[in-house]
Each structure stands twice: as structure tokens, then as C-alpha cells.
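Below is one structure; the comments refer to it alone.
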Amino acid sequence: MVFVTGKGGTGKTTVAAALALIAARHGKRVLAVDVEARGDLAAALGSRRGGFEPILLQPSIHGIELRAEESFREYLNVYFKVPRIARLTPLARIFDFIATGVPGPRDMLVVGKIAYEERRRQHNQPVWDIIVVDSSSSGHAVAHLTAARSMLTLVKGGVIGSQVQWIDELVRDHRRSGVVITALPEEMPVVEAVELRERMQREAGIDVIAAVLNQAVTLAPTPAQRQLATALCDGGQTEALRTRLGGDPAPLAEALEITRRLHDRSVRYQRQLRGGFREPVLVAPLVNAKPGLATARIVAGVLEPEIA
């Protein structure tokens, strides 16, 4: 299980989609999980929104969207044989409110569904080789992944206690579960990524696999390119260029200067991110396109050699 998290807006959904595509290219059976159930992960994989049951998004990639209410009803069905269509008793309705309305139990149910999918077998073989989770943003990620451990303080034994303990042990098993943290080449996302890494290991005991510096400018204009652009703008052919280009050629030089600054900033924050992580720091490029399958494929193509 690979949980992808990071500060909101750092492109964790695109990175999760890219990781799913890479795994599928290597012949893995992939389950892509959208924790916030907004359809963003399915869209990033070029497919329609899914539901609580896995649907095919791309070859070898199935997807689900998690909802606490559905997780609760599946839990009752699997472990207590309560039909999903059955009307809940008044006592069960109270438990339903607690389980799906209070943050801790609700998070545990969502993580529990992911753990259930990890344990699913068909013909004595795992249904999925890898589960890629577009997880909660960094502000909620630690509480989300430690929800089962928090529940252990409330449920000491019995069927529920043993199941909660199993979920907690699975999430903290470094051989079977880990976190990828995303950041942008900006001050706050990088600082928050480093802090999140420390919290994941110190507070949650969860393995951090890698960091991804997303939307980095990886190519810098050469001095010769910048000199040429400046010469074109300052030379005697300015009027001819203006006529041919339909406007002032000055933005050509300005665009190259902006690209240089963005590249230098990307390098600086890449260095800072590497200083805060002992794990690999992967670099994904700034893609001049809307989020979607095309963007996820570009990011996958760049990340795949680094992962391999």
C-alpha cells in the first residue's frame, strides 16, 4: 500500500495517478484509491468517476472512491453478516452516527477498507499487487493513518479490537505499507513536507518511501539562448521582428529570464528537500497542461527511470 500525501495543491493526485500507471506498465494489478471521493483520481487516469466497488479505469488499474458510510455498511456485512439493504435498528443507528460522524472512527473505517482490499484473495492469490492511495492532505494525513492506533485506546479486546489492531499493524508494517510525500519548489510546501516526514516516523511509526518535488522547472535556458533573445530585441531588426511576430519581441527575452529564475528556484528547493529526507527525492516536471491522463503519463515517464 502506497499512501500519497502532501500539502494541498502540490499535485498528490497526479503523482498517485503516475505511480499507478508505472505499476501497471510493469504488469502489476493496481487498485487506485480516492480517499476524498471527489473523482479527481479517476479523472487523472482519464476515466469517469468510480464508486465504492472497484471499476476499471485503465488496463490493469481499477479504482474506488471511499465513503465512511459505505465502509461501515460493508464492515457490518463482512464481519457481522448484516445485509447492506437491511434497516438499521435504533441502537445500530446510534453506532452508525458515532462511526461515520466522529473523525477517529470515520478515518479508521476508511483505512480499514483499504486494509481489507489489501487482504482480499481470489484463488488463494492477492487480488491486487499494489494499492496506490490518493490520501488526505498533510494537515490530516497523520491522524488519518494513526486512526486505528487511536481506536485501540478505546477498544481493548473482542472482535472489533483484534480487527483494529490488525489494521494498525498493517499500516505500520514497512514491508507492506509506506508513504510518498509531495511538495512544490516553494518555501512552505518544502518545509511542511520535511515536518510531515518527521511526524510520520516519530508519531505514527509509518515508513516514508520517498518525496516527490512536483512541478519543477528542470531545463534552464543556456547563456547563448538568452544572449540571442536579447540581441533580437535590441538589434536593428526589431521593427522587422515586431511585424513578423505581430507584437513586441521583448517577451521572448523575458520568458527565458523567468524560466531561468524558476529553474534556479527549483534547484534550490530540491537541495533543501534532499537535506530534510534520507529517502530518495524524485523530481517531476512542470507540465504545461491541465491535470489529466496526459499530464499523469508525462509525470510517469519522468519518474519511472528514477523509481527503477
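Residues in the C-alpha cells are named by chain (A, B, ... in the order shown) and by number from 1 within that chain; ligands are numbered from 1 in the order shown.
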Might you pull out every residue within 7 Å of A:Val33, with only C-alpha atoms counted and same-chain residues fewer than 6 positions away left off, and present them as a PyMOL selection string?
chain A and resi 63-65+132-134
Would you list, as a list in words, the residues of stretch 99-199 of chain A that end up in strand (DSSP E or B) under DSSP run on this structure's backbone?
Arg121, Gln122, Gln125, Pro126, Ile130, Ile131, Val132, Val133, Asp134, Gly178, Val179, Val180, Ile181, Thr182 and Ala183 of chain A
Of the listed residues A:Lys290, A:Arg67, A:Lys113, A:Arg274, that which approaches A:Ala43 most closely, counting only C-alpha atoms
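Of A:Lys290, A:Arg67, A:Lys113, A:Arg274, the one nearest A:Ala43, counting only C-alpha atoms, is A:Lys290.
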Neighbours of A:Val217 within 8 Å (only C-alpha atoms; same-chain residues fewer than 3 positions away dropped), as a PDB file with C-alpha atoms, in the first residue's frame?
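That gives us result_16.pdb:
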ATOM      1  CA  ALA A 220      17.374  26.099 -17.838  1.00  0.00           C
ATOM      2  CA  THR A 259      12.449  30.274 -16.879  1.00  0.00           C
ATOM      3  CA  LEU A 262      12.151  29.230 -11.894  1.00  0.00           C
ATOM      4  CA  HIS A 263      14.862  26.674 -12.676  1.00  0.00           C
ATOM      5  CA  SER A 266      13.599  24.509  -8.328  1.00  0.00           C
ATOM      6  CA  PRO A 285       8.472  18.388 -14.189  1.00  0.00           C
ATOM      7  CA  LEU A 286       6.188  21.354 -14.550  1.00  0.00           C
TER       8      LEU A 286
END
Please, which residues of stretch 90-244 of chain A, numbered as in this document, come out helix (DSSP H, G or I) from DSSP, as a ChimeraX atom specification?
/A:90-101,103-119,138-145,147-152,158-171,187-204,223-234,238-244
Tell me, as number ranges by chain, which residues lie within 10 Å of A:Leu303, counting only C-alpha atoms; anything in the same chain fewer than 4 positions away does not count.
A: 15, 18-19, 22, 212, 282-285, 297-299, 307-308
For the residues in that selection, give me N, CA and C atoms as a PDB file, in the first residue's frame.
ATOM      1  N   VAL A  15       0.549  12.673  -8.937  1.00  0.00           N
ATOM      2  CA  VAL A  15       1.627  11.756  -8.581  1.00  0.00           C
ATOM      3  C   VAL A  15       1.066  10.359  -8.308  1.00  0.00           C
ATOM      4  N   ALA A  18       0.289   8.812 -11.573  1.00  0.00           N
ATOM      5  CA  ALA A  18       1.534   8.435 -12.256  1.00  0.00           C
ATOM      6  C   ALA A  18       2.102   7.140 -11.680  1.00  0.00           C
ATOM      7  N   LEU A  19       2.078   7.004 -10.355  1.00  0.00           N
ATOM      8  CA  LEU A  19       2.583   5.777  -9.733  1.00  0.00           C
ATOM      9  C   LEU A  19       1.739   4.571 -10.138  1.00  0.00           C
ATOM     10  N   ILE A  22       2.772   3.627 -13.678  1.00  0.00           N
ATOM     11  CA  ILE A  22       4.077   2.952 -13.689  1.00  0.00           C
ATOM     12  C   ILE A  22       3.932   1.501 -13.264  1.00  0.00           C
ATOM     13  N   VAL A 212       8.475  13.582  -3.539  1.00  0.00           N
ATOM     14  CA  VAL A 212       8.401  13.994  -4.944  1.00  0.00           C
ATOM     15  C   VAL A 212       8.316  15.511  -4.986  1.00  0.00           C
ATOM     16  N   LEU A 282      12.461  12.417  -5.635  1.00  0.00           N
ATOM     17  CA  LEU A 282      12.231  12.340  -7.067  1.00  0.00           C
ATOM     18  C   LEU A 282      11.739  13.696  -7.560  1.00  0.00           C
ATOM     19  N   VAL A 283      12.051  14.001  -8.801  1.00  0.00           N
ATOM     20  CA  VAL A 283      11.691  15.308  -9.361  1.00  0.00           C
ATOM     21  C   VAL A 283      10.742  15.102 -10.537  1.00  0.00           C
ATOM     22  N   ALA A 284       9.554  15.712 -10.436  1.00  0.00           N
ATOM     23  CA  ALA A 284       8.560  15.661 -11.517  1.00  0.00           C
ATOM     24  C   ALA A 284       8.491  17.041 -12.168  1.00  0.00           C
ATOM     25  N   PRO A 285       8.382  17.097 -13.496  1.00  0.00           N
ATOM     26  CA  PRO A 285       8.472  18.388 -14.189  1.00  0.00           C
ATOM     27  C   PRO A 285       7.185  19.196 -14.142  1.00  0.00           C
ATOM     28  N   ARG A 297       0.657  10.784 -17.511  1.00  0.00           N
ATOM     29  CA  ARG A 297       1.568   9.973 -18.319  1.00  0.00           C
ATOM     30  C   ARG A 297       2.945  10.628 -18.452  1.00  0.00           C
ATOM     31  N   ILE A 298       2.965  11.960 -18.605  1.00  0.00           N
ATOM     32  CA  ILE A 298       4.248  12.667 -18.686  1.00  0.00           C
ATOM     33  C   ILE A 298       5.020  12.507 -17.381  1.00  0.00           C
ATOM     34  N   VAL A 299       4.325  12.727 -16.266  1.00  0.00           N
ATOM     35  CA  VAL A 299       4.981  12.584 -14.959  1.00  0.00           C
ATOM     36  C   VAL A 299       5.443  11.145 -14.737  1.00  0.00           C
ATOM     37  N   ILE A 307      12.475   5.587 -10.332  1.00  0.00           N
ATOM     38  CA  ILE A 307      11.977   4.527  -9.457  1.00  0.00           C
ATOM     39  C   ILE A 307      12.681   3.215  -9.761  1.00  0.00           C
ATOM     40  N   ALA A 308      12.872   2.937 -11.063  1.00  0.00           N
ATOM     41  CA  ALA A 308      13.539   1.694 -11.457  1.00  0.00           C
ATOM     42  C   ALA A 308      14.971   1.668 -10.951  1.00  0.00           C
TER      43      ALA A 308
END
Please identify all polymer residues within 10 Å of A:Ala24, counting only C-alpha atoms, omitting same-chain residues fewer than 4 positions from it, and present them as a PDB file with N, CA and C atoms, in the first residue's frame.
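Writing the result to around-v7.pdb gives the following:
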ATOM      1  N   ALA A  18       0.289   8.812 -11.573  1.00  0.00           N
ATOM      2  CA  ALA A  18       1.534   8.435 -12.256  1.00  0.00           C
ATOM      3  C   ALA A  18       2.102   7.140 -11.680  1.00  0.00           C
ATOM      4  N   LEU A  19       2.078   7.004 -10.355  1.00  0.00           N
ATOM      5  CA  LEU A  19       2.583   5.777  -9.733  1.00  0.00           C
ATOM      6  C   LEU A  19       1.739   4.571 -10.138  1.00  0.00           C
ATOM      7  N   ALA A  20       0.424   4.765 -10.235  1.00  0.00           N
ATOM      8  CA  ALA A  20      -0.449   3.680 -10.674  1.00  0.00           C
ATOM      9  C   ALA A  20      -0.118   3.267 -12.110  1.00  0.00           C
ATOM     10  N   LYS A  28       1.712  -5.011 -12.960  1.00  0.00           N
ATOM     11  CA  LYS A  28       1.068  -5.143 -11.655  1.00  0.00           C
ATOM     12  C   LYS A  28      -0.426  -4.896 -11.756  1.00  0.00           C
ATOM     13  N   ARG A  29      -1.175  -5.590 -10.923  1.00  0.00           N
ATOM     14  CA  ARG A  29      -2.609  -5.337 -10.796  1.00  0.00           C
ATOM     15  C   ARG A  29      -2.786  -4.255  -9.737  1.00  0.00           C
ATOM     16  N   VAL A  30      -3.298  -3.110 -10.167  1.00  0.00           N
ATOM     17  CA  VAL A  30      -3.280  -1.912  -9.334  1.00  0.00           C
ATOM     18  C   VAL A  30      -4.699  -1.539  -8.903  1.00  0.00           C
ATOM     19  N   LEU A  31      -4.831  -1.179  -7.635  1.00  0.00           N
ATOM     20  CA  LEU A  31      -6.057  -0.559  -7.147  1.00  0.00           C
ATOM     21  C   LEU A  31      -5.722   0.886  -6.792  1.00  0.00           C
ATOM     22  N   GLN A  58      -8.081   2.048 -16.205  1.00  0.00           N
ATOM     23  CA  GLN A  58      -7.115   1.862 -17.279  1.00  0.00           C
ATOM     24  C   GLN A  58      -6.726   0.385 -17.266  1.00  0.00           C
ATOM     25  N   PRO A  59      -6.112  -0.115 -18.333  1.00  0.00           N
ATOM     26  CA  PRO A  59      -5.680  -1.515 -18.304  1.00  0.00           C
ATOM     27  C   PRO A  59      -4.854  -1.822 -17.053  1.00  0.00           C
ATOM     28  N   SER A  60      -5.282  -2.829 -16.311  1.00  0.00           N
ATOM     29  CA  SER A  60      -4.634  -3.292 -15.076  1.00  0.00           C
ATOM     30  C   SER A  60      -4.804  -2.338 -13.901  1.00  0.00           C
ATOM     31  N   ILE A  61      -5.596  -1.265 -14.064  1.00  0.00           N
ATOM     32  CA  ILE A  61      -5.825  -0.321 -12.966  1.00  0.00           C
ATOM     33  C   ILE A  61      -7.318  -0.224 -12.689  1.00  0.00           C
ATOM     34  N   ASP A 129      -1.756  -6.356  -6.631  1.00  0.00           N
ATOM     35  CA  ASP A 129      -0.319  -6.383  -6.360  1.00  0.00           C
ATOM     36  C   ASP A 129       0.120  -5.117  -5.631  1.00  0.00           C
ATOM     37  N   ILE A 130      -0.531  -4.007  -5.925  1.00  0.00           N
ATOM     38  CA  ILE A 130      -0.189  -2.743  -5.295  1.00  0.00           C
ATOM     39  C   ILE A 130      -1.449  -1.889  -5.193  1.00  0.00           C
TER      40      ILE A 130
END
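The shortest atom-to-atom distance to A:Gln215, with only C-alpha atoms taken into account, belongs to A:Arg265 out of A:Arg265, A:Arg175, A:Arg120, A:Arg202.
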